[in-house]
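Asker: Just one file: target14.txt, with compact mmCIF, C-alpha atoms.
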# COMPACT_ATOMS: atom_id res chain seq x y z
CA MET A 1 -39.51 -50.92 -2.02
CA GLU A 2 -37.32 -47.90 -1.58
CA GLU A 3 -33.74 -48.12 -2.74
CA GLU A 4 -31.20 -48.06 0.10
CA ILE A 5 -29.00 -44.97 0.09
CA VAL A 6 -25.32 -45.94 0.31
CA GLU A 7 -22.95 -43.26 1.60
CA THR A 8 -19.59 -42.81 -0.07
CA PRO A 9 -16.41 -43.06 2.08
CA GLU A 10 -16.08 -39.26 1.81
CA GLU A 11 -19.62 -38.75 3.12
CA GLN A 12 -19.07 -41.23 5.96
CA LEU A 13 -15.87 -39.46 7.00
CA ALA A 14 -17.51 -36.03 6.89
CA LYS A 15 -20.34 -37.35 9.05
CA GLN A 16 -17.84 -38.78 11.54
CA HIS A 17 -15.93 -35.47 11.67
CA ARG A 18 -19.12 -33.51 12.37
CA LYS A 19 -19.97 -35.84 15.24
CA GLU A 20 -16.45 -35.56 16.74
CA LYS A 21 -16.59 -31.77 16.56
CA LYS A 22 -19.99 -31.76 18.26
CA ASP A 23 -18.75 -34.11 21.00
CA LEU A 24 -15.65 -31.95 21.54
CA GLN A 25 -17.75 -28.81 21.95
CA ALA A 26 -19.81 -30.58 24.61
CA LYS A 27 -16.63 -31.57 26.46
CA ILE A 28 -15.26 -28.02 26.19
CA GLN A 29 -18.45 -26.61 27.67
CA SER A 30 -18.17 -29.09 30.55
CA MET A 31 -14.56 -28.02 31.11
CA LYS A 32 -15.57 -24.35 31.19
CA ASN A 33 -18.37 -25.03 33.67
CA ALA A 34 -15.88 -26.72 36.04
CA ILE A 35 -13.88 -23.50 36.53
CA PRO A 36 -15.21 -20.58 38.63
CA LYS A 37 -15.73 -17.41 36.61
CA ASN A 38 -13.59 -15.41 39.03
CA ASP A 39 -10.57 -17.69 38.53
CA LYS A 40 -9.11 -15.58 35.73
CA LYS A 41 -5.73 -17.33 35.65
CA ARG A 42 -7.22 -20.83 35.35
CA ARG A 43 -9.69 -19.69 32.70
CA LYS A 44 -6.82 -18.22 30.71
CA GLN A 45 -4.98 -21.54 30.98
CA LEU A 46 -8.17 -23.33 29.92
CA THR A 47 -8.41 -21.15 26.82
CA GLU A 48 -4.90 -22.26 25.82
CA GLU A 49 -5.72 -25.92 26.55
CA ILE A 50 -8.94 -25.74 24.51
CA ALA A 51 -7.05 -24.19 21.58
CA LYS A 52 -4.59 -27.09 21.67
CA ILE A 53 -7.35 -29.72 21.83
CA GLU A 54 -9.18 -28.09 18.89
CA ALA A 55 -5.94 -27.84 16.91
CA ASP A 56 -5.19 -31.50 17.58
CA LEU A 57 -8.66 -32.53 16.38
CA SER A 58 -8.33 -30.36 13.28
CA GLN A 59 -4.95 -31.94 12.49
CA LYS A 60 -6.44 -35.40 13.03
CA HIS A 61 -9.27 -34.64 10.60
CA LYS A 62 -6.84 -33.33 7.97
CA GLU A 63 -4.74 -36.47 8.30
CA GLU A 64 -7.78 -38.75 7.97
CA LEU A 65 -8.97 -36.87 4.89
CA ARG A 66 -5.51 -37.05 3.37
CA GLN A 67 -5.36 -40.75 4.13
CA LEU A 68 -8.76 -41.34 2.50
CA LYS A 69 -7.66 -39.56 -0.68
CA SER A 70 -4.36 -41.46 -0.65
CA ASN A 71 -6.18 -44.78 -0.32
CA ALA A 72 -8.52 -43.86 -3.16
CA ASN A 73 -5.62 -42.91 -5.45
CA THR A 74 -3.78 -46.09 -4.58
CA LYS A 75 -6.81 -48.24 -5.36
CA VAL A 76 -7.27 -46.54 -8.74
CA GLU A 77 -3.60 -47.09 -9.55
CA GLU A 78 -3.73 -50.74 -8.50
CA VAL A 79 -6.89 -51.33 -10.57
CA LEU A 80 -5.24 -49.81 -13.62
CA ASN A 81 -2.16 -51.97 -13.07
CA GLY A 82 -4.44 -54.98 -12.76
CA VAL A 83 -6.12 -54.18 -16.09
CA GLU A 84 -2.75 -54.02 -17.83
CA THR A 85 -1.75 -57.35 -16.32
CA MET A 86 -4.98 -58.94 -17.46
CA LYS A 87 -4.35 -57.75 -21.04
CA VAL A 88 -0.91 -59.34 -21.06
CA GLU A 89 -1.84 -62.62 -19.39
CA GLY A 90 -5.09 -62.91 -21.39
CA ALA A 91 -6.24 -66.52 -21.39
CA GLU A 92 -4.60 -67.34 -18.03
CA GLU A 93 -6.82 -64.81 -16.27
CA GLU A 94 -9.91 -66.09 -18.04
CA GLU A 95 -9.31 -69.63 -16.76
CA GLY A 96 -8.51 -68.63 -13.16
CA GLU A 97 -10.22 -66.39 -10.63
CA VAL A 98 -9.70 -62.63 -10.86
CA LYS A 99 -7.15 -61.65 -8.19
CA GLN A 100 -7.84 -58.87 -5.70
CA PRO A 101 -5.58 -55.80 -6.00
CA ARG A 102 -2.61 -56.29 -3.66
CA VAL A 103 -1.95 -53.65 -0.98
CA THR A 104 1.64 -52.49 -1.26
CA LYS A 105 4.05 -52.59 1.69
CA ALA A 106 4.38 -48.82 1.50
CA GLN A 107 0.59 -48.45 1.80
CA LYS A 108 0.50 -50.83 4.76
CA ARG A 109 3.16 -48.74 6.48
CA ARG A 110 1.16 -45.56 5.80
CA ASP A 111 -2.03 -47.15 7.11
CA LYS A 112 -0.29 -48.37 10.26
CA LYS A 113 1.30 -44.97 10.89
CA ALA A 114 -2.04 -43.20 10.37
CA ALA A 115 -3.77 -45.57 12.80
CA GLN A 116 -1.07 -45.01 15.42
CA GLU A 117 -1.30 -41.23 14.99
CA LYS A 118 -5.08 -41.36 15.30
CA GLU A 119 -4.82 -43.35 18.52
CA ARG A 120 -2.17 -40.95 19.91
CA GLU A 121 -4.31 -37.88 19.17
CA SER A 122 -7.29 -39.55 20.82
CA ARG A 123 -5.24 -40.31 23.95
CA ILE A 124 -3.97 -36.71 24.14
CA ALA A 125 -7.47 -35.24 23.89
CA GLU A 126 -8.81 -37.66 26.49
CA ALA A 127 -5.89 -36.94 28.84
CA GLU A 128 -6.53 -33.21 28.59
CA VAL A 129 -10.17 -33.69 29.59
CA GLN A 130 -9.27 -36.06 32.43
CA ASN A 131 -6.65 -33.62 33.75
CA LEU A 132 -9.24 -30.86 33.92
CA GLN A 133 -11.78 -33.07 35.66
CA GLY A 134 -9.35 -35.07 37.82
CA VAL A 135 -7.46 -34.66 41.07
CA ARG A 136 -4.83 -32.30 39.65
CA HIS A 137 -7.46 -29.82 38.54
CA GLN A 138 -9.41 -30.08 41.79
CA GLU A 139 -6.23 -29.55 43.81
CA GLY A 140 -5.45 -26.43 41.79
CA LEU A 141 -8.92 -25.00 42.40
CA LYS A 142 -8.71 -25.54 46.17
CA LEU A 143 -5.26 -23.96 46.35
CA ALA A 144 -6.35 -20.97 44.25
CA GLN A 145 -9.27 -20.38 46.65
CA LYS A 146 -7.04 -20.59 49.74
CA LEU A 147 -4.42 -18.27 48.26
CA ALA A 148 -7.01 -15.75 47.07
CA GLN A 149 -8.03 -15.23 50.70
CA GLN A 150 -4.51 -13.87 51.26
CA GLN A 151 -4.49 -11.96 47.97
CA LEU A 152 -1.96 -14.45 46.59
CA GLN A 153 -1.69 -16.72 43.57
CA ILE A 154 0.58 -19.59 42.54
CA LYS A 155 3.87 -18.76 40.84
CA GLU A 156 4.96 -21.78 38.83
CA ILE A 157 8.37 -23.31 39.58
CA SER A 158 10.03 -25.82 37.24
CA SER A 159 9.85 -29.48 38.25
CA ASP A 160 13.49 -30.61 38.21
CA GLY A 161 14.21 -31.95 41.71
CA HIS A 162 15.23 -28.48 42.93
CA CYS A 163 11.65 -27.13 43.11
CA MET A 164 11.60 -26.51 46.88
CA TYR A 165 14.91 -24.63 46.79
CA ARG A 166 13.90 -22.71 43.66
CA ALA A 167 10.63 -21.69 45.33
CA ILE A 168 12.57 -20.43 48.38
CA GLU A 169 15.05 -18.64 46.11
CA ASP A 170 12.09 -16.89 44.46
CA GLN A 171 10.55 -15.97 47.82
CA LEU A 172 13.84 -14.49 49.06
CA ALA A 173 14.10 -12.40 45.91
CA GLN A 174 10.57 -11.08 46.54
CA LEU A 175 11.49 -10.09 50.10
CA SER A 176 14.28 -7.91 48.72
CA GLN A 177 16.10 -7.91 52.04
CA PRO A 178 19.88 -7.37 51.85
CA GLY A 179 21.86 -10.47 52.80
CA VAL A 180 19.04 -13.02 52.43
CA ILE A 181 19.12 -13.55 48.65
CA MET A 182 20.69 -16.96 47.93
CA SER A 183 21.03 -19.18 44.89
CA VAL A 184 19.75 -22.76 44.78
CA LYS A 185 23.32 -24.03 45.04
CA GLU A 186 23.99 -21.93 48.15
CA LEU A 187 20.68 -22.90 49.74
CA ARG A 188 21.50 -26.59 49.29
CA SER A 189 25.01 -26.14 50.63
CA ARG A 190 23.87 -24.20 53.71
CA THR A 191 21.09 -26.75 54.38
CA ALA A 192 23.54 -29.68 54.30
CA GLU A 193 26.03 -27.77 56.45
CA HIS A 194 23.40 -27.04 59.10
CA MET A 195 22.17 -30.64 59.15
CA ARG A 196 25.71 -31.97 59.58
CA SER A 197 26.43 -29.61 62.47
CA HIS A 198 23.09 -30.42 64.18
CA ALA A 199 22.92 -34.15 63.49
CA ASP A 200 21.07 -34.89 66.74
CA ASP A 201 18.14 -32.77 65.53
CA PHE A 202 17.76 -34.68 62.26
CA LEU A 203 19.11 -38.23 62.63
CA PRO A 204 16.10 -39.51 64.68
CA PHE A 205 13.83 -38.72 61.71
CA LEU A 206 15.89 -40.59 59.13
CA THR A 207 15.59 -44.37 58.79
CA ASN A 208 16.86 -46.94 56.32
CA PRO A 209 13.89 -47.87 54.09
CA ASN A 210 15.06 -51.49 53.87
CA THR A 211 15.77 -52.20 57.55
CA GLY A 212 13.74 -49.52 59.36
CA ASP A 213 16.80 -48.72 61.50
CA MET A 214 17.94 -45.18 62.19
CA TYR A 215 20.61 -43.93 59.80
CA THR A 216 24.22 -44.75 60.62
CA THR A 217 26.79 -41.96 60.61
CA ASP A 218 27.87 -42.95 57.09
CA GLU A 219 24.29 -43.07 55.81
CA PHE A 220 23.58 -39.66 57.32
CA GLU A 221 26.68 -38.19 55.67
CA LYS A 222 25.56 -39.66 52.32
CA TYR A 223 22.11 -38.09 52.85
CA CYS A 224 23.66 -34.67 53.54
CA SER A 225 25.96 -35.05 50.55
CA ASP A 226 22.97 -35.75 48.31
CA VAL A 227 21.21 -32.66 49.69
CA GLU A 228 24.25 -30.56 48.81
CA HIS A 229 25.38 -31.99 45.48
CA THR A 230 22.41 -33.65 43.74
CA ALA A 231 18.83 -32.85 42.73
CA ALA A 232 17.51 -34.80 45.73
CA TRP A 233 13.94 -33.73 46.51
CA GLY A 234 13.60 -31.52 49.60
CA GLY A 235 11.02 -32.00 52.37
CA GLN A 236 10.14 -30.89 55.90
CA LEU A 237 13.55 -31.76 57.38
CA GLU A 238 15.32 -29.55 54.87
CA LEU A 239 12.74 -26.80 55.42
CA ARG A 240 13.39 -26.95 59.17
CA ALA A 241 17.11 -26.60 58.54
CA LEU A 242 16.51 -23.67 56.20
CA THR A 243 14.42 -21.76 58.72
CA GLN A 244 17.45 -21.86 61.04
CA VAL A 245 19.85 -20.89 58.28
CA LEU A 246 17.70 -17.99 57.05
CA ARG A 247 16.25 -17.16 60.48
CA LEU A 248 12.88 -16.79 58.79
CA PRO A 249 9.61 -18.70 59.32
CA VAL A 250 8.19 -20.83 56.50
CA GLU A 251 4.56 -21.64 55.81
CA VAL A 252 3.51 -24.39 53.40
CA ILE A 253 -0.03 -24.16 52.00
CA GLN A 254 -1.75 -27.41 50.97
CA ALA A 255 -5.07 -28.12 49.27
CA ASP A 256 -6.57 -30.70 51.64
CA SER A 257 -4.57 -30.17 54.85
CA PRO A 258 -3.93 -27.29 57.25
CA THR A 259 -1.05 -24.94 56.49
CA ILE A 260 2.27 -26.23 57.86
CA LYS A 261 4.22 -23.57 59.80
CA ILE A 262 7.91 -24.04 60.57
CA GLY A 263 10.26 -21.70 62.44
CA GLU A 264 7.52 -19.78 64.22
CA GLU A 265 10.12 -18.71 66.81
CA PHE A 266 11.32 -16.13 64.26
CA ASP A 267 9.26 -12.94 64.30
CA SER A 268 9.38 -12.05 60.61
CA LYS A 269 7.19 -12.19 57.54
CA PRO A 270 7.14 -15.87 56.52
CA ILE A 271 8.33 -17.40 53.30
CA THR A 272 5.24 -18.92 51.65
CA LEU A 273 5.37 -22.10 49.57
CA VAL A 274 2.64 -24.18 47.93
CA TYR A 275 2.84 -27.97 48.24
CA MET A 276 1.07 -29.93 45.49
CA ARG A 277 0.55 -33.69 45.59
CA HIS A 278 -0.73 -34.11 42.02
CA ALA A 279 1.05 -31.39 40.04
CA TYR A 280 3.04 -33.59 37.67
CA GLY A 281 3.47 -37.22 36.66
CA LEU A 282 5.90 -37.80 39.53
CA GLY A 283 3.46 -36.35 42.05
CA GLU A 284 4.74 -33.99 44.76
CA HIS A 285 5.94 -30.53 43.83
CA TYR A 286 6.60 -27.13 45.45
CA ASN A 287 5.61 -23.81 43.90
CA SER A 288 6.19 -20.24 45.02
CA VAL A 289 3.49 -17.56 45.38
CA GLU A 290 3.09 -13.95 44.29
CA ARG A 291 0.61 -11.14 44.83
CA LEU A 292 -2.76 -11.77 43.21
CA LYS A 293 -2.88 -9.81 39.97
CA ASP A 294 -5.76 -7.55 39.02
CA PRO A 295 -7.87 -9.65 36.60
CA ALA A 296 -8.12 -6.71 34.19
CA ASN A 297 -4.33 -6.41 34.05
CA ALA A 298 -3.82 -10.18 34.02
CA GLU A 299 -5.76 -10.45 30.78
CA ASP A 300 -3.34 -8.05 29.13
CA SER A 301 -0.20 -9.72 30.44
Could you spell out this file's structure in structure tokens?

Answerer:
Amino acid sequence: MEEEIVETPEEQLAKQHRKEKKDLQAKIQSMKNAIPKNDKKRRKQLTEEIAKIEADLSQKHKEELRQLKSNANTKVEEVLNGVETMKVEGAEEEEGEVKQPRVTKAQKRRDKKAAQEKERESRIAEAEVQNLQGVRHQEGLKLAQKLAQQQLQIKEISSDGHCMYRAIEDQLAQLSQPGVIMSVKELRSRTAEHMRSHADDFLPFLTNPNTGDMYTTDEFEKYCSDVEHTAAWGGQLELRALTQVLRLPVEVIQADSPTIKIGEEFDSKPITLVYMRHAYGLGEHYNSVERLKDPANAEDS
């Protein structure tokens, strides 16, 4: 009968690490295959995401190895302490059962922290893969394809409640037309001012979410005040007001719906925004656009 080969904890951990690295490489290959080769920007982002996932796994492995060594040292120390105790107590230990080395509170805390960190790293890696394979990634691919037809690409705008106004601010700056460059604060103020002075054009579209009734005068004033003074999210009503303020048309490109065009009565080059339903944890978000960069130059930027 052949003797069973028993792996040491170090060998078991090394085997586990090799398997995790192999599984990660398979996931990375799947992530790469999901992105078109001509989507240079997304592939560049993917390279950064892959680097982070690999770094996280490497850090996880280092922590597990450190924890294994720490556990081994602790056990040796506790065994040595147990031997000394047995020498002192002598006959008492001979009469009773030999006690198991006690795990210290400090070691329990370290074990718990290591387990929590391991779980957190696992969740992060899984979330990264899901993001690339999920609705957010698919939405980004569809938008990139639509924009590429116009020689455009997404220009990221921060998600802080002002995204629609920041995207318009960016578009106005790109137009470089004298008199049309406005700050976010001014855009909000002019939007609220226009809505107040043309209440009949906007009130019918605003209803109390609790009662379903059209806004009262006071509720409408509060709505306009929020538009002007807070980070209230902007939508189609505010865009309609802004087309009148700026006397410029606006087009909003979406992944799964036709492009929305507002202010078509103005015969000018439109302001172009991108509307994303799944961009961030809170959902809806507006981005600006810019001219599609030459892939060769984009790699150097």

Asker: With region 235-253 of chain A as the partner and 8 Å as the cut-off, tabulate the residues of region 184-214 of chain A that qualify, each row holding the nearest pair of atoms and their distance in Å to one decimal, using only C-alpha atoms, sorted by chain and rising number, as CSV.

Answerer:
residue,atom,partner,partner_atom,distance
A:Leu187,CA,A:Leu242,CA,7.7
A:Arg190,CA,A:Val245,CA,6.9
A:Thr191,CA,A:Ala241,CA,5.8
A:His194,CA,A:Ala241,CA,6.3
A:Met195,CA,A:Ala241,CA,6.5
A:Phe202,CA,A:Leu237,CA,7.1

Asker: Take CA of Glu219 (chain A) and CA of Ala231 (chain A) and report the distance between them in Å, one decimal.

Answerer: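 Those two atoms sit 17.5 Å apart.
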
Asker: Select, from A:Asn287, A:Ser225, A:Thr216, A:Gln16, the residue with the minimum atom-to-atom distance to Tyr165 (chain A), counting only C-alpha atoms.

Answerer: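 The closest residue to Tyr165 (chain A) is A:Asn287.
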
Asker: Show me as a list in words the residues that reach within 10 Å of (-3.4, -15.7, 49.1), counting all atoms listed in the file and using the file's own coordinates.

Answerer: Leu143, Ala144, Gln145, Lys146, Leu147, Ala148, Gln149, Gln150, Gln151, Leu152, Gln153, Ile154, Ile253, Thr272, Val289, Glu290, Arg291 and Leu292 of chain A

Asker: Mind pulling up the distance from CA of Met31 (chain A) to CA of Gln116 (chain A)?

Answerer: 26.8 Å
